[in-house]
$ cat target20.tsv   # TSV, C-alpha atoms
chain	number	residue	atom	x	y	z
A	107	MET	CA	161.20	-86.97	-0.84
A	108	ALA	CA	160.52	-90.51	-1.89
A	109	GLY	CA	164.11	-91.71	-2.17
A	110	LEU	CA	165.00	-95.35	-2.37
A	111	ARG	CA	167.03	-95.36	0.75
A	112	GLY	CA	164.14	-95.36	3.13
A	113	ALA	CA	162.19	-98.31	1.86
A	114	ALA	CA	164.37	-100.77	0.07
A	115	SER	CA	167.95	-100.85	1.02
A	116	ILE	CA	170.91	-103.10	1.15
A	117	GLU	CA	173.17	-100.46	2.53
A	118	ARG	CA	176.86	-99.87	2.77
A	119	GLY	CA	178.58	-100.84	6.00
A	120	SER	CA	177.49	-103.34	8.59
A	121	ALA	CA	174.28	-101.79	9.89
A	122	VAL	CA	171.22	-103.67	8.73
A	123	ARG	CA	168.11	-101.62	8.12
A	124	PRO	CA	164.74	-103.20	8.74
A	125	SER	CA	163.56	-102.07	5.31
A	126	ARG	CA	166.34	-104.06	3.70
A	127	LEU	CA	165.22	-107.16	5.48
A	128	ASP	CA	161.68	-106.39	4.46
A	129	ASP	CA	162.53	-106.40	0.78
A	130	ALA	CA	164.71	-109.47	1.00
A	131	GLN	CA	162.14	-111.30	3.06
A	132	LEU	CA	159.37	-110.32	0.73
A	133	LEU	CA	161.37	-111.67	-2.17
A	134	ALA	CA	161.87	-114.96	-0.36
A	135	ARG	CA	158.15	-115.21	0.24
A	136	ILE	CA	157.45	-114.34	-3.36
A	137	ALA	CA	159.65	-117.27	-4.33
A	138	ASP	CA	157.18	-119.38	-2.31
A	139	ARG	CA	154.37	-117.85	-4.42
A	140	ASP	CA	153.07	-115.65	-1.61
A	141	LEU	CA	150.79	-113.23	-3.42
A	142	ARG	CA	150.33	-111.01	-0.38
A	143	ALA	CA	154.07	-110.52	-0.12
A	144	PHE	CA	154.14	-109.62	-3.78
A	145	GLU	CA	151.32	-107.14	-3.35
A	146	ARG	CA	153.22	-105.49	-0.53
A	147	LEU	CA	156.32	-105.18	-2.66
A	148	TYR	CA	154.25	-103.95	-5.59
A	149	ARG	CA	152.59	-101.23	-3.55
A	150	ALA	CA	155.91	-100.17	-2.07
A	151	TYR	CA	157.59	-99.81	-5.46
A	152	HIS	CA	154.76	-98.54	-7.61
A	153	PRO	CA	155.16	-94.80	-6.89
A	154	ARG	CA	158.90	-94.75	-7.39
A	155	LEU	CA	158.88	-96.98	-10.45
A	156	SER	CA	156.07	-94.93	-11.91
A	157	ARG	CA	158.11	-91.73	-11.62
A	158	PHE	CA	161.24	-93.42	-12.98
A	159	VAL	CA	159.52	-95.05	-15.94
A	160	SER	CA	157.46	-91.94	-16.73
A	161	ASN	CA	160.63	-89.92	-16.95
A	162	ILE	CA	162.21	-92.32	-19.42
A	163	LEU	CA	159.16	-93.01	-21.58
A	164	ARG	CA	157.26	-89.70	-21.54
A	165	ARG	CA	154.26	-91.68	-22.73
A	166	PRO	CA	151.73	-91.99	-19.90
A	167	HIS	CA	149.78	-94.71	-21.66
A	168	LEU	CA	152.82	-97.01	-21.61
A	169	VAL	CA	153.85	-96.46	-18.02
A	170	GLU	CA	151.51	-98.93	-16.33
A	171	GLU	CA	152.30	-101.58	-18.91
A	172	VAL	CA	156.05	-101.24	-18.41
A	173	LEU	CA	155.65	-101.06	-14.67
A	174	ASN	CA	153.60	-104.25	-14.58
A	175	ASP	CA	155.93	-106.00	-17.02
A	176	THR	CA	158.74	-105.14	-14.62
A	177	MET	CA	156.91	-106.47	-11.60
A	178	MET	CA	155.89	-109.60	-13.50
A	179	VAL	CA	159.59	-110.40	-13.85
A	180	VAL	CA	159.90	-110.03	-10.08
A	181	TRP	CA	156.91	-112.33	-9.56
A	182	ARG	CA	158.03	-114.95	-12.05
A	183	ARG	CA	161.75	-114.92	-11.36
A	184	PRO	CA	162.51	-113.83	-7.80
A	185	GLY	CA	165.37	-116.34	-7.86
A	186	ALA	CA	167.16	-114.20	-10.42
A	187	TYR	CA	168.02	-111.78	-7.62
A	188	ASN	CA	171.47	-112.91	-6.55
A	189	GLY	CA	171.86	-110.81	-3.41
A	190	THR	CA	174.93	-108.91	-4.58
A	191	SER	CA	173.06	-105.63	-4.82
A	192	ARG	CA	170.08	-103.96	-3.21
A	193	VAL	CA	166.73	-105.43	-4.08
A	194	SER	CA	165.76	-101.96	-5.28
A	195	THR	CA	168.77	-101.83	-7.61
A	196	TRP	CA	167.75	-105.14	-9.13
A	197	ILE	CA	164.15	-104.04	-9.63
A	198	PHE	CA	165.10	-100.65	-11.05
A	199	ALA	CA	167.52	-102.30	-13.46
A	200	ILE	CA	164.67	-104.50	-14.71
A	201	ALA	CA	162.47	-101.42	-15.05
A	202	TYR	CA	165.17	-99.55	-16.96
A	203	ARG	CA	165.67	-102.35	-19.47
A	204	THR	CA	161.92	-102.87	-19.85
A	205	ALA	CA	161.36	-99.16	-20.43
A	206	LEU	CA	164.08	-98.97	-23.08
A	207	LYS	CA	162.56	-101.94	-24.89
A	208	ALA	CA	159.16	-100.27	-24.80
A	209	LEU	CA	160.70	-97.09	-26.13
A	210	ARG	CA	162.20	-98.94	-29.07
A	211	ARG	CA	158.86	-100.65	-29.77
A	212	ALA	CA	156.80	-97.49	-29.52
A	213	ASP	CA	155.62	-96.58	-32.96
A	214	ASP	CA	153.80	-93.39	-32.02
A	215	PRO	CA	155.63	-90.32	-33.19
A	216	VAL	CA	154.89	-88.33	-30.10
A	217	PRO	CA	158.04	-88.38	-28.53
A	218	ASP	CA	159.41	-85.79	-26.30
A	219	ASP	CA	157.43	-82.78	-27.30
A	220	ARG	CA	154.77	-83.21	-24.65
A	221	LEU	CA	156.10	-80.96	-21.99
A	222	LYS	CA	157.23	-78.39	-24.52
A	223	GLU	CA	153.56	-77.49	-24.68
A	224	LEU	CA	153.63	-76.50	-21.06
A	225	PRO	CA	154.14	-72.77	-21.48
A	226	SER	CA	150.88	-72.64	-23.40
A	227	SER	CA	148.91	-74.20	-20.56
A	228	GLU	CA	145.98	-72.26	-19.24
A	229	PRO	CA	147.13	-69.70	-16.71
A	230	ASP	CA	145.93	-70.39	-13.21
A	231	PRO	CA	145.41	-67.22	-11.20
A	232	GLU	CA	145.72	-69.16	-7.98
A	233	GLN	CA	149.05	-70.62	-8.94
A	234	HIS	CA	152.15	-68.77	-7.93
A	235	ALA	CA	153.08	-67.40	-11.34
A	236	GLU	CA	156.83	-67.20	-10.99
A	237	ARG	CA	157.16	-70.60	-9.39
A	238	GLY	CA	154.89	-72.15	-11.97
A	239	GLN	CA	156.87	-70.74	-14.86
A	240	ALA	CA	160.17	-71.91	-13.39
A	241	GLN	CA	158.76	-75.38	-13.01
A	242	ARG	CA	157.49	-75.40	-16.58
A	243	ASP	CA	160.88	-74.23	-17.81
A	244	LEU	CA	162.56	-77.01	-15.89
A	245	LEU	CA	160.20	-79.68	-17.20
A	246	ALA	CA	160.65	-78.41	-20.74
A	247	ALA	CA	164.42	-78.53	-20.30
A	248	ILE	CA	164.26	-82.09	-18.93
A	249	VAL	CA	162.24	-83.13	-21.96
A	250	GLU	CA	165.06	-82.06	-24.22
A	251	LEU	CA	167.44	-84.56	-22.63
A	252	SER	CA	167.84	-88.11	-23.91
A	253	PRO	CA	166.15	-90.94	-21.96
A	254	ASP	CA	169.55	-91.98	-20.56
A	255	HIS	CA	170.34	-88.47	-19.34
A	256	ARG	CA	166.88	-88.16	-17.83
A	257	ALA	CA	167.34	-91.46	-16.04
A	258	VAL	CA	170.62	-90.29	-14.51
A	259	ILE	CA	169.27	-87.01	-13.17
A	260	ASP	CA	166.09	-88.66	-11.89
A	261	LEU	CA	167.95	-91.46	-10.14
A	262	THR	CA	170.37	-88.94	-8.64
A	263	TYR	CA	168.12	-86.10	-7.52
A	264	PHE	CA	164.74	-87.74	-6.98
A	265	HIS	CA	165.65	-91.27	-5.96
A	266	GLU	CA	168.89	-90.11	-4.33
A	267	LEU	CA	171.10	-92.94	-5.54
A	268	GLY	CA	174.87	-92.91	-5.70
A	269	TYR	CA	176.65	-93.03	-9.05
A	270	ALA	CA	177.84	-96.59	-8.51
A	271	GLU	CA	174.31	-97.84	-8.01
A	272	ILE	CA	173.07	-95.84	-11.00
A	273	ALA	CA	175.79	-97.46	-13.11
A	274	GLU	CA	174.58	-100.85	-11.95
A	275	ILE	CA	170.97	-100.07	-12.82
A	276	MET	CA	171.87	-98.73	-16.23
A	277	GLY	CA	174.45	-101.40	-16.95
A	278	CYS	CA	177.20	-98.94	-17.79
A	279	PRO	CA	180.55	-97.80	-16.33
A	280	VAL	CA	180.61	-95.28	-13.51
A	281	GLY	CA	182.45	-92.86	-15.80
A	282	THR	CA	179.51	-92.93	-18.20
A	283	VAL	CA	177.13	-91.98	-15.40
A	284	LYS	CA	179.33	-89.04	-14.45
A	285	THR	CA	179.64	-87.92	-18.06
A	286	ARG	CA	175.88	-88.09	-18.58
A	287	MET	CA	175.35	-86.16	-15.39
A	288	PHE	CA	177.86	-83.52	-16.49
A	289	HIS	CA	176.06	-82.93	-19.80
A	290	ALA	CA	172.59	-83.07	-18.25
A	291	ARG	CA	173.50	-80.52	-15.57
A	292	ARG	CA	175.10	-78.23	-18.10
A	293	HIS	CA	171.98	-78.33	-20.25
A	294	LEU	CA	169.60	-77.73	-17.35
A	295	ARG	CA	171.68	-74.90	-15.98
A	296	GLN	CA	171.90	-73.21	-19.36
A	297	ARG	CA	168.15	-73.44	-19.78
A	298	LEU	CA	167.44	-72.30	-16.25
A	299	ALA	CA	169.99	-69.52	-16.09
A	300	GLY	CA	168.88	-67.02	-13.48
A	301	CYS	CA	166.39	-69.34	-11.83
A	302	LEU	CA	168.96	-71.24	-9.83
A	303	ALA	CA	170.81	-68.33	-8.29
A	304	ASP	CA	170.40	-67.58	-4.61
B	117	MET	CA	205.26	-75.09	-15.82
B	118	MET	CA	202.74	-72.42	-14.94
B	119	GLY	CA	200.33	-73.98	-17.42
B	120	ASP	CA	200.70	-77.32	-15.69
B	121	ILE	CA	199.82	-75.77	-12.33
B	122	LEU	CA	196.74	-74.11	-13.75
B	123	ARG	CA	195.75	-77.34	-15.44
B	124	LEU	CA	196.09	-79.28	-12.19
B	125	ASP	CA	194.07	-76.66	-10.37
B	126	SER	CA	191.38	-76.74	-13.04
B	127	ASP	CA	191.27	-80.53	-12.92
B	128	ARG	CA	190.78	-80.40	-9.17
B	129	HIS	CA	187.82	-78.04	-9.52
B	130	GLY	CA	186.38	-80.23	-12.25
B	131	GLU	CA	186.82	-83.36	-10.22
B	132	ILE	CA	185.07	-81.82	-7.22
B	133	ARG	CA	182.25	-80.36	-9.28
B	134	ALA	CA	181.62	-83.75	-10.89
B	135	LEU	CA	180.89	-85.08	-7.42
B	136	LEU	CA	178.58	-82.26	-6.34
B	137	PRO	CA	175.29	-83.93	-7.40
B	138	TRP	CA	175.99	-86.78	-5.04
B	139	TYR	CA	177.49	-84.49	-2.41
B	140	VAL	CA	174.25	-82.50	-2.11
B	141	THR	CA	172.16	-85.67	-1.91
B	142	GLY	CA	174.49	-87.22	0.65
B	143	ARG	CA	175.43	-90.18	-1.51
B	144	LEU	CA	179.22	-89.93	-1.62
B	145	GLU	CA	181.52	-92.39	0.03
B	146	PRO	CA	183.02	-91.00	3.28
B	147	GLU	CA	186.44	-90.44	1.69
B	148	GLU	CA	184.98	-88.55	-1.27
B	149	HIS	CA	182.69	-86.58	0.97
B	150	ALA	CA	185.65	-85.46	3.11
B	151	ARG	CA	187.56	-84.44	-0.01
B	152	VAL	CA	184.69	-82.30	-1.27
B	153	VAL	CA	184.19	-80.69	2.13
B	154	ALA	CA	187.89	-79.81	2.37
B	155	HIS	CA	187.91	-78.29	-1.10
B	156	LEU	CA	184.75	-76.27	-0.56
B	157	ALA	CA	186.21	-74.82	2.61
B	158	SER	CA	188.94	-73.14	0.59
B	159	CYS	CA	187.19	-72.49	-2.75
B	160	PRO	CA	184.44	-69.85	-2.93
B	161	GLU	CA	183.72	-70.60	-6.61
B	162	CYS	CA	183.01	-74.23	-5.91
B	163	ARG	CA	180.93	-73.28	-2.88
B	164	THR	CA	178.77	-71.21	-5.21
B	165	GLU	CA	178.59	-74.21	-7.54
B	166	ALA	CA	177.48	-76.38	-4.64
B	167	ARG	CA	174.67	-73.97	-3.76
B	168	VAL	CA	173.46	-73.94	-7.36
B	169	GLU	CA	173.72	-77.71	-7.47
B	170	ARG	CA	171.64	-78.04	-4.33
B	171	ARG	CA	168.97	-75.81	-5.80
B	172	LEU	CA	168.97	-77.70	-9.10
B	173	GLY	CA	168.67	-81.03	-7.32
B	174	MET	CA	165.79	-79.77	-5.24
B	175	GLU	CA	163.96	-78.42	-8.28
B	176	VAL	CA	164.36	-81.65	-10.24
B	177	ALA	CA	163.25	-83.73	-7.26
B	178	GLN	CA	160.13	-81.62	-6.87
B	179	ALA	CA	159.27	-81.46	-10.57
B	180	PRO	CA	155.79	-83.01	-11.00
B	181	VAL	CA	156.76	-85.10	-14.00
B	182	GLU	CA	153.92	-87.61	-13.91
B	183	LEU	CA	151.31	-84.98	-13.18
B	184	GLU	CA	152.33	-82.78	-16.09
B	185	LEU	CA	152.62	-85.69	-18.51
B	186	GLY	CA	149.20	-86.89	-17.43
B	187	TRP	CA	147.71	-83.44	-17.84
B	188	GLN	CA	149.17	-82.98	-21.33
B	189	GLU	CA	147.72	-86.36	-22.30
B	190	MET	CA	144.34	-85.30	-20.88
B	191	ARG	CA	144.41	-82.03	-22.84
B	192	ARG	CA	145.12	-83.96	-26.02
B	193	ARG	CA	142.20	-86.32	-25.41
B	194	ILE	CA	139.83	-83.45	-24.71
B	195	ALA	CA	140.95	-81.70	-27.87
B	196	ALA	CA	140.39	-84.88	-29.86
B	197	GLU	CA	136.83	-85.18	-28.63
B	198	ARG	CA	135.64	-81.81	-29.90
B	199	PRO	CA	133.43	-82.48	-32.92
B	200	PRO	CA	133.54	-81.84	-35.78
B	201	ALA	CA	137.12	-81.04	-36.64
B	202	GLY	CA	136.44	-78.89	-39.68
B	203	ALA	CA	134.02	-76.71	-37.79
B	204	LEU	CA	136.52	-76.24	-34.98
B	205	ALA	CA	139.28	-75.16	-37.31
B	206	ALA	CA	137.07	-72.53	-38.84
B	207	LEU	CA	135.81	-71.58	-35.39
B	208	ARG	CA	139.29	-70.75	-34.22
B	209	GLY	CA	139.86	-68.66	-37.31
B	210	ALA	CA	136.62	-66.80	-36.86
B	211	GLY	CA	137.26	-66.16	-33.18
B	212	LEU	CA	133.58	-66.53	-32.33
B	213	GLY	CA	131.87	-68.06	-29.34
B	214	ALA	CA	131.85	-71.83	-29.44
B	215	ALA	CA	128.24	-72.81	-29.89
B	216	VAL	CA	127.22	-69.97	-32.15
B	217	ALA	CA	130.33	-70.15	-34.29
B	218	ALA	CA	130.14	-73.92	-34.71
B	219	GLN	CA	126.63	-73.58	-35.94
B	220	ALA	CA	127.61	-70.74	-38.23
B	221	VAL	CA	130.40	-72.75	-39.79
B	222	LEU	CA	128.19	-75.72	-40.45
B	223	LEU	CA	125.59	-73.36	-41.72
B	224	ILE	CA	127.91	-72.00	-44.34
B	225	ALA	CA	129.31	-75.41	-45.15
B	226	LEU	CA	126.01	-77.18	-45.47
B	227	GLY	CA	124.04	-74.41	-47.09
B	228	GLY	CA	120.46	-75.37	-47.76
B	229	TRP	CA	120.35	-78.14	-45.23
B	230	LEU	CA	120.63	-75.80	-42.31
B	231	VAL	CA	117.85	-73.94	-40.66
B	232	PRO	CA	119.41	-72.02	-37.79
B	233	ARG	CA	117.12	-71.29	-34.93
B	234	LEU	CA	119.42	-70.00	-32.25
B	235	GLY	CA	121.84	-67.87	-34.23
B	236	PRO	CA	121.47	-64.16	-34.76
B	237	ALA	CA	119.83	-62.61	-37.81
B	238	PRO	CA	122.83	-62.69	-40.20
B	239	TYR	CA	122.77	-66.47	-40.15
B	240	HIS	CA	119.22	-66.51	-41.36
B	241	ALA	CA	120.23	-64.18	-44.14
B	242	LEU	CA	123.10	-66.43	-45.14
B	243	ALA	CA	120.99	-69.54	-45.17
B	244	ALA	CA	118.00	-67.92	-46.78
B	245	ALA	CA	116.14	-70.88	-45.39
B	246	PRO	CA	112.46	-71.56	-45.18
B	247	ALA	CA	110.63	-71.74	-41.88
B	248	PRO	CA	112.37	-74.09	-39.46
B	249	ALA	CA	111.26	-77.68	-39.32
B	250	THR	CA	110.92	-79.53	-36.03
B	251	ALA	CA	113.79	-81.80	-35.07
B	252	ASN	CA	112.90	-85.46	-34.81
B	253	VAL	CA	116.40	-86.96	-34.74
B	254	LEU	CA	119.43	-86.27	-32.56
B	255	ILE	CA	122.85	-86.97	-34.07
B	256	MET	CA	126.36	-86.94	-32.64
B	257	PHE	CA	129.32	-87.06	-34.98
B	258	ARG	CA	132.63	-88.65	-34.09
B	259	ALA	CA	135.54	-86.38	-33.22
B	260	GLY	CA	137.50	-85.51	-36.33
B	261	SER	CA	134.60	-85.90	-38.76
B	262	SER	CA	135.04	-83.56	-41.71
B	263	GLU	CA	132.44	-81.17	-43.02
B	264	GLY	CA	132.24	-83.31	-46.14
B	265	SER	CA	131.40	-86.46	-44.24
B	266	VAL	CA	128.80	-84.63	-42.16
B	267	ARG	CA	127.25	-83.27	-45.33
B	268	LEU	CA	127.11	-86.76	-46.87
B	269	ALA	CA	125.55	-88.26	-43.77
B	270	LEU	CA	122.79	-85.67	-43.78
B	271	ALA	CA	122.29	-85.99	-47.51
B	272	ALA	CA	121.91	-89.75	-47.20
B	273	VAL	CA	118.79	-89.29	-45.10
B	274	GLY	CA	117.59	-85.95	-46.46
B	275	GLY	CA	118.21	-84.45	-43.03
B	276	ARG	CA	118.08	-80.78	-42.16
B	277	VAL	CA	119.87	-79.41	-39.12
B	278	THR	CA	117.51	-77.38	-37.02
B	279	ASP	CA	119.57	-76.74	-33.94
B	280	GLY	CA	122.83	-77.44	-32.16
B	281	PRO	CA	125.32	-78.22	-31.12
B	282	THR	CA	123.93	-78.98	-27.71
B	283	ARG	CA	126.17	-78.82	-24.65
B	284	ALA	CA	127.02	-82.45	-25.28
B	285	GLY	CA	127.94	-81.73	-28.90
B	286	ALA	CA	124.77	-83.21	-30.46
B	287	TRP	CA	122.89	-81.82	-33.47
B	288	MET	CA	119.12	-81.65	-33.83
B	289	VAL	CA	118.00	-82.76	-37.27
B	290	HIS	CA	114.71	-83.08	-39.10
B	291	VAL	CA	114.10	-86.01	-41.43
B	292	ALA	CA	110.92	-86.99	-43.22
B	293	THR	CA	108.68	-88.40	-40.52
B	294	ALA	CA	107.60	-91.41	-42.52
B	295	ASP	CA	111.20	-92.39	-43.17
B	296	ARG	CA	112.60	-91.75	-39.71
B	297	GLN	CA	113.31	-95.40	-38.79
B	298	ARG	CA	115.11	-96.01	-42.06
B	299	ALA	CA	117.01	-92.74	-41.65
B	300	LEU	CA	118.12	-93.75	-38.15
B	301	ALA	CA	119.36	-97.11	-39.42
B	302	THR	CA	121.25	-95.40	-42.23
B	303	LEU	CA	122.82	-92.88	-39.89
B	304	ARG	CA	123.87	-95.51	-37.36
B	305	ALA	CA	125.60	-97.46	-40.09
B	306	ARG	CA	127.76	-94.51	-41.09
B	307	PRO	CA	131.29	-94.39	-39.62
B	308	GLU	CA	131.22	-90.68	-38.83
B	309	VAL	CA	128.04	-91.01	-36.73
B	310	SER	CA	128.56	-92.02	-33.10
B	311	LEU	CA	124.93	-91.65	-32.02
B	312	ALA	CA	121.59	-91.31	-33.80
B	313	GLN	CA	118.39	-91.47	-31.84
B	314	PRO	CA	114.78	-90.42	-32.33
B	315	VAL	CA	113.53	-87.26	-30.67
B	316	ASP	CA	109.86	-86.57	-30.27
B	317	PRO	CA	108.79	-82.94	-30.14
B	318	ALA	CA	106.64	-83.66	-27.12
B	319	THR	CA	109.50	-84.98	-25.01
B	320	GLY	CA	112.44	-83.07	-26.44
B	321	PRO	CA	116.05	-84.34	-26.70
$ encode --input "target20.tsv" --output "structure tokens"
Amino acid sequence: MAGLRGAASIERGSAVRPSRLDDAQLLARIADRDLRAFERLYRAYHPRLSRFVSNILRRPHLVEEVLNDTMMVVWRRPGAYNGTSRVSTWIFAIAYRTALKALRRADDPVPDDRLKELPSSEPDPEQHAERGQAQRDLLAAIVELSPDHRAVIDLTYFHELGYAEIAEIMGCPVGTVKTRMFHARRHLRQRLAGCLAD
Amino acid sequence: MMGDILRLDSDRHGEIRALLPWYVTGRLEPEEHARVVAHLASCPECRTEARVERRLGMEVAQAPVELELGWQEMRRRIAAERPPAGALAALRGAGLGAAVAAQAVLLIALGGWLVPRLGPAPYHALAAAPAPATANVLIMFRAGSSEGSVRLALAAVGGRVTDGPTRAGAWMVHVATADRQRALATLRARPEVSLAQPVDPATGP
């Protein structure tokens, strides 16, 4: 799983992970306009930011734009990182705000119906039918959540962040993160009843 | 008093269950983690909840969000490229094979302009057309072009469809040989036409 912990961490406690130093050092070099350092950071974050932003936007054509807008902030203003959080938290917070702005600007009516079409996809005889259907049900259920709820479940389960860090990224109280998680889980479990049992 | 006890007990379950997403991903603080572990040791219901939570977390983490969004976008683009829209709508209603049905629909829509060459006998009967002319122009219409706009484009150059659509979605059309260059210029200027090029019988399309 491509969690944040492995690659970009300012961790709890006193142990210093090499990856944390990598991110912090890269940022310092970026402040000196080191394009290679920026490319390294860009390549390290692209997959995770892409997943995160895709989940919020649900508009593939906007994902690269938002992702690059996010990383342009990192390139232009590395000094805005104040060191009180993980580098990854800072970057994800920028991505979250940028994605929400893009969502407000988006004038296409598409919205969140995209994955609702999934059950009508062409059947693939080589695909494990039961597994495929469960996955489509899950994706359809995720689509029905608000962007904020999707962000919370994605940051929790996929990126494996703690609630305090999620609150920091989303700029909201910890209690709000827990409440969003409560409602998101309840919705997903209702929609996936039977699929999650042992 | 009893109600208070039940309430406290319920609150404890709720408090623990609220932490389960971060318990299963190993992101609780040590003190919280110990509290959850202690509670699960004595609460079978919450242990069941923890198992379900672990499964849910795993499923969400493995959900191919970007892949599916990308594929849905791709399906929409492919659907948008199928020309012409009016023919496709009728095609779905008719439930016929793609190439034959598309030709049949245009045949009915365009009447006397069409001279089907590939379709079965009933199409010839419907068109009641004279002997087929030889195509000397190849035309591709933009996705979404209506039957009406296709009809107007052909009428503007006195064109007669002789064959198509090809595998690439092109139509073979005959125009008066002497006017072919002018017809091509006219067709290329029309918004619903994406491609118009000469075809010589000797070389084919």
$ atom_distance --input "target20.tsv" --atom1 "atom CA of Glu161 of chain B" --atom2 "atom CA of Ala134 of chain B"
14.0 Å
$ residues_around --input "target20.tsv" --residues "Ala247 of chain A" --least-positions-apart "6" --cutoff "10 Å" --atoms "only C-alpha atoms" --output "ChimeraX atom specification"
/A:221-222,241,290,293-298
$ closest_residue --input "target20.tsv" --among "B:Ala299, B:Met190, B:Ala294, B:Val253" --to "Val315 of chain B" --atoms "only C-alpha atoms"
B:Val253
$ interface_residues --input "target20.tsv" --of "chain B" --to "chain A" --cutoff "8 Å" --atoms "only C-alpha atoms" --output "short mmCIF file (atom, residue, chain, number, x, y, z; two decimals) with C-alpha atoms, in the frame of the given file"
data_model
loop_
_atom_site.label_atom_id
_atom_site.label_comp_id
_atom_site.auth_asym_id
_atom_site.auth_seq_id
_atom_site.Cartn_x
_atom_site.Cartn_y
_atom_site.Cartn_z
CA ALA B 134 181.62 -83.75 -10.89
CA PRO B 137 175.29 -83.93 -7.40
CA TRP B 138 175.99 -86.78 -5.04
CA THR B 141 172.16 -85.67 -1.91
CA ARG B 143 175.43 -90.18 -1.51
CA LEU B 144 179.22 -89.93 -1.62
CA ARG B 167 174.67 -73.97 -3.76
CA VAL B 168 173.46 -73.94 -7.36
CA ARG B 171 168.97 -75.81 -5.80
CA LEU B 172 168.97 -77.70 -9.10
CA GLY B 173 168.67 -81.03 -7.32
CA MET B 174 165.79 -79.77 -5.24
CA GLU B 175 163.96 -78.42 -8.28
CA VAL B 176 164.36 -81.65 -10.24
CA ALA B 177 163.25 -83.73 -7.26
CA GLN B 178 160.13 -81.62 -6.87
CA ALA B 179 159.27 -81.46 -10.57
CA VAL B 181 156.76 -85.10 -14.00
CA GLU B 182 153.92 -87.61 -13.91
CA GLU B 184 152.33 -82.78 -16.09
CA LEU B 185 152.62 -85.69 -18.51
CA GLY B 186 149.20 -86.89 -17.43
CA GLN B 188 149.17 -82.98 -21.33
CA GLU B 189 147.72 -86.36 -22.30
#
$ residues_around --input "target20.tsv" --residues "Leu300 of chain B" --least-positions-apart "2" --cutoff "9 Å" --atoms "only C-alpha atoms" --output "JSON, numbers by chain"
{"B": [253, 273, 295, 296, 297, 298, 302, 303, 304, 305, 312, 313, 314]}
$ atom_distance --input "target20.tsv" --atom1 "atom CA of Thr278 of chain B" --atom2 "atom CA of Ala292 of chain B"
13.2 Å
$ atom_distance --input "target20.tsv" --atom1 "atom CA of Gly189 of chain A" --atom2 "atom CA of Pro153 of chain A"
23.4 Å
$ residues_around --input "target20.tsv" --residues "segment 202-210 of chain A" --least-positions-apart "3" --cutoff "10 Å" --atoms "only C-alpha atoms" --output "PyMOL selection string"
chain A and resi 155+158-165+168-169+171-176+179+196-199+213-214+217+253-254+257+275-277
$ closest_residue --input "target20.tsv" --among "B:Thr293, B:Glu145, B:Glu131, B:Leu183" --to "Cys162 of chain B" --atoms "all atoms listed in the file"
B:Glu131
$ residues_around --input "target20.tsv" --residues "Arg128 of chain B" --least-positions-apart "6" --cutoff "12 Å" --atoms "all atoms listed in the file" --output "MDAnalysis selection string"
chainID B and resid 121:122 134:135 151:152 154:156 159 162
$ residues_around --input "target20.tsv" --residues "Asp138 of chain A" --least-positions-apart "5" --cutoff "12 Å" --atoms "only C-alpha atoms" --output "NGL selection string"
:A and (131-133 or 143-144 or 181-185)
$ write_last_selection --input "target20.tsv" --atoms "C-alpha atoms" --output "short mmCIF file (atom, residue, chain, number, x, y, z; two decimals), in the coordinates of the input"
data_model
loop_
_atom_site.label_atom_id
_atom_site.label_comp_id
_atom_site.auth_asym_id
_atom_site.auth_seq_id
_atom_site.Cartn_x
_atom_site.Cartn_y
_atom_site.Cartn_z
CA GLN A 131 162.14 -111.30 3.06
CA LEU A 132 159.37 -110.32 0.73
CA LEU A 133 161.37 -111.67 -2.17
CA ALA A 143 154.07 -110.52 -0.12
CA PHE A 144 154.14 -109.62 -3.78
CA TRP A 181 156.91 -112.33 -9.56
CA ARG A 182 158.03 -114.95 -12.05
CA ARG A 183 161.75 -114.92 -11.36
CA PRO A 184 162.51 -113.83 -7.80
CA GLY A 185 165.37 -116.34 -7.86
#
